[in-house]
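Have a look at the structure below, then the notes.
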There are 4 protein chains.
Amino acid sequence: MPAVDPSAERRYVLTLSCPDTTGIVARIAGFLAEAGGWIVEAAYHSEEPGHSEEPGHSDPATGWFFTRQVVRADSLSFDVDELRARFAAVAADLGGEATWKVTDTGELKRAVLLVSREPHCLHDLLGRVAARELPVRLDAVVGNHETLGDIVRAHGVPFHHVRFPGPGEPKDIAFDELRGIVGDPDVVVLARFMQILPAELCREWYGRALNIHHSFLPSFIGARPYHQAHARGVKLIGATCHYVTENLDAGPIIEQDVIRVDHGDTTADMVRRGRDIERMVLSRGLRWHLEDRILVHGNKTVVFR
Amino acid sequence: MPAVDPSAERRYVLTLSCPDTTGIVARIAGFLAEAGGWIVEAAYHSEEPGHSEEPGHSDPATGWFFTRQVVRADSLSFDVDELRARFAAVAADLGGEATWKVTDTGELKRAVLLVSREPHCLHDLLGRVAARELPVRLDAVVGNHETLGDIVRAHGVPFHHVRFPGPGEPKDIAFDELRGIVGDPDVVVLARFMQILPAELCREWYGRALNIHHSFLPSFIGARPYHQAHARGVKLIGATCHYVTENLDAGPIIEQDVIRVDHGDTTADMVRRGRDIERMVLSRGLRWHLEDRILVHGNKTVVFR
Amino acid sequence: MPAVDPSAERRYVLTLSCPDTTGIVARIAGFLAEAGGWIVEAAYHSEEPGHSEEPGHSDPATGWFFTRQVVRADSLSFDVDELRARFAAVAADLGGEATWKVTDTGELKRAVLLVSREPHCLHDLLGRVAARELPVRLDAVVGNHETLGDIVRAHGVPFHHVRFPGPGEPKDIAFDELRGIVGDPDVVVLARFMQILPAELCREWYGRALNIHHSFLPSFIGARPYHQAHARGVKLIGATCHYVTENLDAGPIIEQDVIRVDHGDTTADMVRRGRDIERMVLSRGLRWHLEDRILVHGNKTVVFR
Amino acid sequence: MPAVDPSAERRYVLTLSCPDTTGIVARIAGFLAEAGGWIVEAAYHSEEPGHSEEPGHSDPATGWFFTRQVVRADSLSFDVDELRARFAAVAADLGGEATWKVTDTGELKRAVLLVSREPHCLHDLLGRVAARELPVRLDAVVGNHETLGDIVRAHGVPFHHVRFPGPGEPKDIAFDELRGIVGDPDVVVLARFMQILPAELCREWYGRALNIHHSFLPSFIGARPYHQAHARGVKLIGATCHYVTENLDAGPIIEQDVIRVDHGDTTADMVRRGRDIERMVLSRGLRWHLEDRILVHGNKTVVFR
């Protein structure tokens, strides 16, 4: 049974995306109104048909509709399971392509963090959880080095060390062990985890594995992005939080931010200063994921902030 | 008869605010769905009851609800006047305190600019109108100096010079003349107009007179804000776009932004560099006003960007 | 004896400010060149005479000169004490008002943190120290509550609890105890310490007590700034790092930053989101202090970033 | 004879770069002090040897030194030509690789703008020149369309129309005509000029042709960058001001900035909103060029802001 957070006002969060047509808002709002649902937040987005003009894009005949609704739990006379059961009928009316989900803020989401030796994102997330800034329960932290074990344990979170073989060696066994430890959480956070996930794990964790890349994607994909940025002489450096997919650093972007650098910043300065952006961008992306604010569509995200 | 802009896809923009209760979204969405209205954008905001905790705030028993809906004109079988007539019945159901408006993007809004000698905001707005970046028709520019007349006329816009008396002299006659020239436009933009509007004009133009103040309000109210900022040694300077009210620099804030300054910036540098922020903040505020994105509530704004 | 950090390349940092005149740069640069000093960084600033135009400012007949020079330790044939002795003669030439200092990056500066119950700035600083992002040794953390003791001790830093009396009670004894624990470090960081320092401590710690104020000063001085910001309806909220002086929230500003908020942000959201700015601004200010980048002049700072 | 701007306090600006060694600052500062030069601004930068770690970089045995000094003209007893003559001897001491320049703020720099049909950067620059924000004289604007002629002439600046052939046709004749009109100004500004300069012009105008590219380089090089940005789903879009070189969009970067976009922004919104960044970034880059704040080294810039 998931932990219940009694400190927050309990809410149900409904997200839905489907092909656009007239009357969807009315259908959903009508359903909620009938049930006496008190809507605290409501956001909508309509992706216009054929708005994308990238080469090779086959112009869709229809647009796409996205919504996120937040309802006070105490305004409904039934529980979250009943809400799901009743909403299923509404969603069915909206066509077979509709994707939807109802979550309950009373059930804390569970996260597993993957780390390597870089400590800054881990420290930041542990601090935020300790300060109750993020609605999450940390089930475990897994590291491919022992380095960060002590601080994790000091926060009362289990730490697991999985030994990865050197370059060129097969990593199947290590990833199998990792997969077993991670289990089935709501989100897997690659907090500067320096291993590339195998395709099977990318697929298994699709839509719930967040990575932080230390560049303003799509610039400087791959290794040592700050070195690439320094060599090119850019005047801003950035970081990108994205969902992991099989294409390295090419998954749907959730959040990005930048800071100004100048000629006085060495590569080492960029590495250090970039950490501030990595921390911020990753923690924002994680918060939005935990609050069900992100809807993935194709290789892009709708983020209802 | 207002000009019609045939280049844009015609849309009707509905804004409404009223005391919050269950079912408002359903009521409005149901009405639009029944009429076959294709909703292009929909935004909602619920101000929670008693969320304000400032001293002396009398906790309201109820929250407040705000919405903005954009409907494709060609999705309705009737015209904008009929839409207004029909929606009036919906609004009536939502209680006597509901405030609403329906505008038609096919009818270009009309603006009058008030200027003094500072040219940068005027140049910026003229350039944006010439580049068709702002959905507006400039009816006139009024200056209390002749200085900026030539550039205004070069843009094909009428320029009127109203002579203001010196300090200490009564300005009633000048303001009467100004009032007569301005007439009844959709928006009056004080683009660094250095005269303080009399109370009657503030009331007459309530909710449609935009001012740009060259500080990050509420810091540095009144005269020479950059000098005040320099004296205090702040590390960021800003600008604020707000609706004009009888209380100087204290009206509802629409938009603000800042830029970084440092010890090397003299007051003159701040004046110059601040202009970039003034231009941006004023043009954003004006755009949002023209697009009916701003709902005023008490001394605050809801801006559906 | 202070700890020596062998991991960094050792440098001597010279800062000086004095009345401006021709030839200061030549005098200092000549001295360093003669000694074979390899200058890694050099920054200068001349405050022009009478540039300040604030009311009541007595226009100085002369400007003021500021410099910061960083020299490779291994480029000099003598040690830091000898450098100080020799430079004293140079400074004497520059007049009696010259203020200067030479520090050695090989001697880690020592800090004491003062905290209350708000954990975010503390967690952030502990994480940065653990990640070796800040060139500092934490001598102690002092809290007026026990709450944050465990995490401090987990980082291997001594934690001291000083009990403060309730409102209205005299706090002399508590502050005496605090003063004794703090001792004489290079910097005292008020990391959301909720007690107002008595005037004697402000004077004793002048120029080395950093505070983080959770507003964009000079807006919203004093208590509950996020509530004030929410009530005013500002569109950006900020934080300010400044040196503590006897005038509450009015000391020389070191660093400020802001983030965007909108109508959807409740006061609680502002409190939470503002923490990100507080963390960043405080850690930047502390870094600059530790690296001797800040020169205080009157109530303003020159920050050579 | 160049125009003289009597409104500004006259200053001489000295820029120099050379291989780094001990004593350069002392040499230059000593020279200026001896001449009685009152230094208003002085900035230095040392590029450490071998700090670049990009692949294929041949580690230089020495670092590189850069400086910019601003001297009050009235503090010297001789004129700018004499300053150049005397400084040549100093520079000779610093080795054959030293590059240096002395300019006189009393001689307004001359610019030629190249435009196409996009009006926003042109309007912005004309407005800034009219408002005396930029220390420049506009000699001419050249367009490959007639569209923007009227506004240029309204500002009292000569406009030249050069007809360019369609795609696939040779453009030699058009570029020859362009080259003849442009002449030999201090700076050529490609203000959204949509033609790719031939290699000869890139070489002839090396270090004085500024381009504004409407993406955050190195992302989205080439055509239709906003479309590329929209397709990738980035959360920030940007603009880049750089010196033109033979490699398209790959010259030394002078300035960059970004703004936030979200799922609600169509490609058309990005095009419109990106203009604000283009205007700002180009005008900043141009200002720094005019004030001799930019030193080019390899494919990177040192910008003494």
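Going through the structure tokens in order, the chains are called A, B, and so on, while each chain numbers its residues from 1 and the ligands are numbered from 1 in the order shown.
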Report task. Give me, as a VMD selection string, the contact residues of chain A against chain C at a cut-off of 8 Å, counting only C-alpha atoms. Result -> chain A and resid 119 to 120 123 to 124 127 to 128 131 133 151 154 to 155 272 276 280
Query - Residue set, stretch 104-180 of chain A restricted to alpha helix (DSSP H), as a ChimeraX atom specification - result: /A:120-130,149-154,172-180
Given the selection you just returned, output its residues as a file containing C-alpha atoms, formatted as an mmCIF file, in the first residue's frame.
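Ended up saving to selection-v9.cif:
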```cif
data_model
loop_
_atom_site.group_PDB
_atom_site.id
_atom_site.type_symbol
_atom_site.label_atom_id
_atom_site.label_comp_id
_atom_site.auth_asym_id
_atom_site.auth_seq_id
_atom_site.Cartn_x
_atom_site.Cartn_y
_atom_site.Cartn_z
ATOM 1 C CA HIS A 120 25.674 17.798 -6.872
ATOM 2 C CA CYS A 121 22.329 16.619 -8.257
ATOM 3 C CA LEU A 122 22.087 13.911 -5.625
ATOM 4 C CA HIS A 123 22.793 16.328 -2.758
ATOM 5 C CA ASP A 124 20.281 18.747 -4.180
ATOM 6 C CA LEU A 125 17.502 16.174 -4.482
ATOM 7 C CA LEU A 126 18.179 14.709 -1.026
ATOM 8 C CA GLY A 127 18.032 18.227 0.405
ATOM 9 C CA ARG A 128 14.753 18.957 -1.329
ATOM 10 C CA VAL A 129 13.187 15.734 -0.149
ATOM 11 C CA ALA A 130 14.385 16.403 3.408
ATOM 12 C CA GLY A 149 26.695 5.891 -0.236
ATOM 13 C CA ASP A 150 27.314 7.646 3.076
ATOM 14 C CA ILE A 151 25.318 10.775 2.395
ATOM 15 C CA VAL A 152 22.423 8.703 1.043
ATOM 16 C CA ARG A 153 22.345 6.556 4.165
ATOM 17 C CA ALA A 154 22.596 9.652 6.376
ATOM 18 C CA ASP A 172 24.306 -6.988 -19.321
ATOM 19 C CA ILE A 173 24.833 -8.472 -15.882
ATOM 20 C CA ALA A 174 25.251 -5.089 -14.241
ATOM 21 C CA PHE A 175 22.120 -3.734 -15.883
ATOM 22 C CA ASP A 176 20.161 -6.844 -14.915
ATOM 23 C CA GLU A 177 21.178 -6.284 -11.314
ATOM 24 C CA LEU A 178 20.257 -2.600 -11.603
ATOM 25 C CA ARG A 179 16.890 -3.460 -13.106
ATOM 26 C CA GLY A 180 16.146 -5.818 -10.255
#
```
Query raised in the report: Do you know which residues are at most 12 Å from B:Asn247 counting only C-alpha atoms, after dropping those on the same chain fewer than 6 positions away, and could you put them as a list in words?
Result: Ile196, Leu197, Pro198, Ala199, Cys202, Arg203, Ile221, Gly222 and Asn299 of chain B
Requested in this report: Skip B:Val271 itself and residues of its chain fewer than 6 positions away, then list as a PyMOL selection string all residues within 9 Å of it, counting only C-alpha atoms.
Outcome: chain B and resi 214+226-227
Using only C-alpha atoms, please write the residues we just selected to a file, as a short mmCIF file (atom, residue, chain, number, x, y, z; two decimals), in the first residue's frame.
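Dumped to again14.cif:
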```
data_model
loop_
_atom_site.label_atom_id
_atom_site.label_comp_id
_atom_site.auth_asym_id
_atom_site.auth_seq_id
_atom_site.Cartn_x
_atom_site.Cartn_y
_atom_site.Cartn_z
CA HIS B 214 11.27 52.62 -15.26
CA TYR B 226 17.52 54.91 -11.99
CA HIS B 227 19.21 57.44 -9.75
#
```
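Using only C-alpha atoms, the residues found no farther than 8 Å from D:Val182, other than those of its own chain fewer than 5 positions away, are D:Val112, D:Ala140, D:Val142, D:Val188.
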Applying 7 Å and only C-alpha atoms, which residues near C:Val303 remain after dropping the ones on its own chain fewer than 3 positions away? List them as a CSV table (one decimal) with N, CA and C atoms, in the first residue's frame.
```csv
chain,number,residue,atom,x,y,z
C,293,ARG,N,36.4,38.7,-3.9
C,293,ARG,CA,36.0,39.5,-5.1
C,293,ARG,C,35.2,40.7,-4.7
C,294,ILE,N,34.8,40.9,-3.4
C,294,ILE,CA,33.9,41.9,-3.0
C,294,ILE,C,34.7,43.0,-2.3
C,295,LEU,N,34.6,44.3,-2.8
C,295,LEU,CA,35.2,45.4,-2.1
C,295,LEU,C,34.0,46.3,-1.7
```
